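K.L.:
For reference, the file work39.json (JSON, C-alpha atoms) is included below:
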[["chain", "number", "residue", "atom", "x", "y", "z"],
["A", 1, "GLN", "CA", 0.00, 0.00, 0.00],
["A", 2, "GLN", "CA", 1.38, 3.38, -1.03],
["A", 3, "GLN", "CA", 1.97, 5.90, 1.76],
["A", 4, "HIS", "CA", 0.63, 9.38, 1.05],
["A", 5, "LEU", "CA", 2.72, 12.33, 2.12],
["A", 6, "PRO", "CA", 0.95, 15.40, 3.50],
["A", 7, "VAL", "CA", -0.38, 17.67, 0.76],
["A", 8, "GLU", "CA", -0.42, 21.40, 1.45],
["A", 9, "ALA", "CA", -1.23, 22.73, -2.02],
["A", 10, "VAL", "CA", -2.99, 21.55, -5.17],
["A", 11, "ARG", "CA", -2.33, 23.00, -8.64],
["A", 12, "THR", "CA", -4.99, 22.37, -11.28],
["A", 13, "THR", "CA", -3.97, 23.21, -14.85],
["A", 14, "LEU", "CA", -6.61, 23.89, -17.49],
["A", 15, "GLN", "CA", -6.42, 24.48, -21.24],
["A", 16, "VAL", "CA", -8.85, 27.21, -22.31],
["A", 17, "HIS", "CA", -9.44, 27.97, -25.98],
["A", 18, "GLY", "CA", -11.39, 31.03, -27.06],
["A", 19, "MET", "CA", -9.88, 33.82, -24.95],
["A", 20, "ARG", "CA", -9.11, 36.62, -27.37],
["A", 21, "CYS", "CA", -7.95, 39.57, -25.27],
["A", 22, "GLU", "CA", -6.41, 40.59, -21.96],
["A", 23, "ALA", "CA", -9.85, 41.72, -20.73],
["A", 24, "CYS", "CA", -11.10, 38.14, -21.27],
["A", 25, "ALA", "CA", -8.14, 36.77, -19.31],
["A", 26, "ALA", "CA", -8.70, 39.31, -16.51],
["A", 27, "ARG", "CA", -12.39, 38.41, -16.27],
["A", 28, "LEU", "CA", -11.51, 34.71, -16.11],
["A", 29, "ARG", "CA", -8.85, 35.37, -13.42],
["A", 30, "GLY", "CA", -11.41, 37.28, -11.36],
["A", 31, "ASN", "CA", -14.09, 34.61, -11.67],
["A", 32, "LEU", "CA", -11.69, 31.81, -10.74],
["A", 33, "ALA", "CA", -10.25, 33.81, -7.83],
["A", 34, "ALA", "CA", -13.81, 34.22, -6.49],
["A", 35, "VAL", "CA", -14.32, 30.43, -6.26],
["A", 36, "GLU", "CA", -14.29, 29.33, -2.63],
["A", 37, "GLY", "CA", -11.00, 27.59, -1.83],
["A", 38, "VAL", "CA", -8.96, 29.15, -4.66],
["A", 39, "ASP", "CA", -5.78, 30.73, -3.30],
["A", 40, "GLY", "CA", -4.57, 32.12, -6.62],
["A", 41, "CYS", "CA", -4.53, 31.65, -10.35],
["A", 42, "THR", "CA", -2.57, 32.64, -13.41],
["A", 43, "VAL", "CA", -3.81, 32.95, -16.97],
["A", 44, "GLN", "CA", -1.40, 32.73, -19.90],
["A", 45, "LEU", "CA", -3.50, 34.32, -22.64],
["A", 46, "ALA", "CA", -1.34, 33.37, -25.65],
["A", 47, "ALA", "CA", -1.01, 29.73, -24.59],
["A", 48, "GLY", "CA", -4.53, 29.47, -23.19],
["A", 49, "VAL", "CA", -3.15, 27.84, -20.04],
["A", 50, "VAL", "CA", -4.70, 28.52, -16.65],
["A", 51, "GLU", "CA", -3.17, 27.38, -13.35],
["A", 52, "VAL", "CA", -5.35, 27.43, -10.25],
["A", 53, "TRP", "CA", -3.93, 26.90, -6.76],
["A", 54, "SER", "CA", -5.86, 25.73, -3.72],
["A", 55, "ASN", "CA", -4.78, 24.38, -0.35],
["A", 56, "SER", "CA", -5.34, 20.93, 1.03],
["A", 57, "SER", "CA", -7.80, 22.11, 3.68],
["A", 58, "SER", "CA", -10.23, 23.13, 0.94],
["A", 59, "PRO", "CA", -9.05, 21.72, -2.40],
["A", 60, "VAL", "CA", -11.20, 22.83, -5.29],
["A", 61, "GLN", "CA", -12.54, 20.00, -7.42],
["A", 62, "PRO", "CA", -11.86, 20.22, -11.16],
["A", 63, "ASP", "CA", -15.55, 20.26, -12.11],
["A", 64, "VAL", "CA", -16.05, 23.44, -10.05],
["A", 65, "LEU", "CA", -13.22, 25.13, -11.98],
["A", 66, "LEU", "CA", -14.52, 23.90, -15.33],
["A", 67, "ASP", "CA", -17.96, 25.29, -14.44],
["A", 68, "ALA", "CA", -16.43, 28.65, -13.45],
["A", 69, "VAL", "CA", -14.64, 28.90, -16.81],
["A", 70, "LYS", "CA", -17.84, 28.08, -18.71],
["A", 71, "ALA", "CA", -19.75, 30.62, -16.56],
["A", 72, "THR", "CA", -17.21, 33.27, -17.59],
["A", 73, "ASN", "CA", -17.90, 32.62, -21.27],
["A", 74, "ASP", "CA", -19.83, 29.57, -22.44],
["A", 75, "SER", "CA", -18.06, 29.65, -25.80],
["A", 76, "TYR", "CA", -14.75, 28.75, -24.14],
["A", 77, "ASP", "CA", -13.52, 25.24, -24.83],
["A", 78, "VAL", "CA", -11.95, 24.06, -21.57],
["A", 79, "GLN", "CA", -10.07, 20.87, -20.73],
["A", 80, "LEU", "CA", -8.38, 19.64, -17.59],
["A", 81, "LEU", "CA", -4.67, 19.17, -18.30],
["A", 82, "SER", "CA", -3.38, 18.09, -14.90],
["A", 83, "ARG", "CA", -3.80, 18.15, -11.15],
["A", 84, "ASP", "CA", -0.60, 18.22, -9.10],
["A", 85, "CYS", "CA", -0.11, 18.05, -5.35],
["A", 86, "PHE", "CA", 2.70, 19.63, -3.35],
["A", 87, "SER", "CA", 4.14, 19.34, 0.15],
["A", 88, "VAL", "CA", 6.28, 22.04, 1.76],
["A", 89, "ALA", "CA", 8.73, 19.42, 3.03],
["A", 90, "HIS", "CA", 8.79, 17.16, -0.04],
["A", 91, "GLY", "CA", 7.92, 19.31, -3.09],
["A", 92, "ALA", "CA", 5.79, 17.53, -5.68],
["A", 93, "VAL", "CA", 4.05, 14.48, -4.19],
["A", 94, "PRO", "CA", 1.47, 12.03, -5.53],
["A", 95, "CYS", "CA", -2.07, 13.31, -5.17],
["A", 96, "PRO", "CA", -4.38, 11.20, -3.03],
["A", 97, "ALA", "CA", -6.24, 8.59, -5.08],
["A", 98, "ALA", "CA", -9.57, 10.44, -4.79],
["A", 99, "ALA", "CA", -8.12, 13.64, -6.29],
["A", 100, "THR", "CA", -6.39, 11.74, -9.08],
["A", 101, "ALA", "CA", -9.52, 9.73, -9.93],
["A", 102, "ALA", "CA", -11.63, 12.88, -9.96],
["A", 103, "ALA", "CA", -9.14, 14.63, -12.24],
["A", 104, "SER", "CA", -9.09, 11.69, -14.66],
["A", 105, "LEU", "CA", -12.87, 11.48, -14.72],
["A", 106, "HIS", "CA", -13.35, 15.20, -15.35],
["A", 107, "SER", "CA", -10.60, 15.25, -17.98],
["A", 108, "ALA", "CA", -12.42, 12.52, -19.89],
["A", 109, "VAL", "CA", -15.74, 14.35, -19.55],
["A", 110, "ALA", "CA", -14.23, 17.65, -20.72],
["A", 111, "GLN", "CA", -12.88, 16.03, -23.87]]
Write out the structure in this file as structure tokens.

P.N.:
Amino acid sequence: QQQHLPVEAVRTTLQVHGMRCEACAARLRGNLAAVEGVDGCTVQLAAGVVEVWSNSSSPVQPDVLLDAVKATNDSYDVQLLSRDCFSVAHGAVPCPAAATAAASLHSAVAQ
């Protein structure tokens, strides 16, 4: 049985197609930052890559983030790219099975 190290932060990476301007990216940043449990997010407009950070005490599920992106603009095509977990003492660590399974499920649904 695999031992899970403590997870202090979760990074969820999304691919968002359809953002055309910095105002779109700023609106998306604001909407994602307003989601309960989100500690921060970055939007790379040119690449269409969005990284959302949450902490382990209130990790945000991928479907909540996907819904927030679609609520920002329902013409956006959004996909879950990855979900990574981090520990202060150990750096990148395996995500607990529940988080990994949820990320895989929502990635398949988004595609």

K.L.:
Using all atoms listed in the file, which residue out of A:Thr72, A:Ser82, A:Gln61, A:Gln15 lies closest to Gly37 in chain A?

P.N.:
A:Gln61

K.L.:
One number please: CA of Ala34 in chain A to CA of Lys70 in chain A, in Å, one decimal.

P.N.:
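Value for the CA of Ala34 in chain A-CA of Lys70 in chain A distance: 14.3 Å.
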
K.L.:
From the options A:Asp77, A:Ala26, A:Ala68, A:Asp84, which residue's atoms come nearest to Pro96 in chain A, counting all atoms listed in the file?

P.N.:
A:Asp84

K.L.:
Skipping near chain neighbours, those fewer than 6 positions away, what residues fall within 7 Å of range 41-45 of chain A using only C-alpha atoms, listed as a list of chain:residue names?

P.N.:
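These residues fall inside the cut-off: A:Met19, A:Glu22, A:Ala25, A:Arg29, A:Ala33, A:Glu51, A:Val52, A:Trp53.
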
K.L.:
Report, in Å to a single decimal, how far apart CA of Ser58 in chain A and CA of Glu36 in chain A are.

P.N.:
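So the answer is 8.2 Å.
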
K.L.:
Give me, please, the distance in Å between CA of Ser57 in chain A and CA of Tyr76 in chain A, quoted to one decimal.

P.N.:
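Answer for the CA of Ser57 in chain A to CA of Tyr76 in chain A separation: 29.4 Å.
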
K.L.:
Let me make sure I understand: among A:Ala9, A:Val16, A:Cys85, A:Val60, which one has the smallest atom-to-atom distance to Asn73 in chain A if we use all atoms listed in the file?

P.N.:
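So, comparing all the options, the nearest one is A:Val16.
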
K.L.:
Of the candidates A:Val88, A:Ala47, A:Val38, A:Ala71, which shows the shortest atom-to-atom distance to His17 in chain A, using only C-alpha atoms?

P.N.:
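Of the candidates, the smallest distance to His17 in chain A is held by A:Ala47.
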
K.L.:
Restricting the calculation to all atoms listed in the file, which member of A:Asn55, A:Phe86, A:Gly40, A:Pro62 is positioned closest to Thr12 in chain A?

P.N.:
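Looking at the shortest contact to Thr12 in chain A, the residue is A:Pro62.
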
K.L.:
Counting all atoms listed in the file, which residue out of A:Leu81, A:Val7, A:Val69, A:Cys95 sits closest to Leu28 in chain A?

P.N.:
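Answer, going by the shortest atom-to-atom distance: A:Val69.
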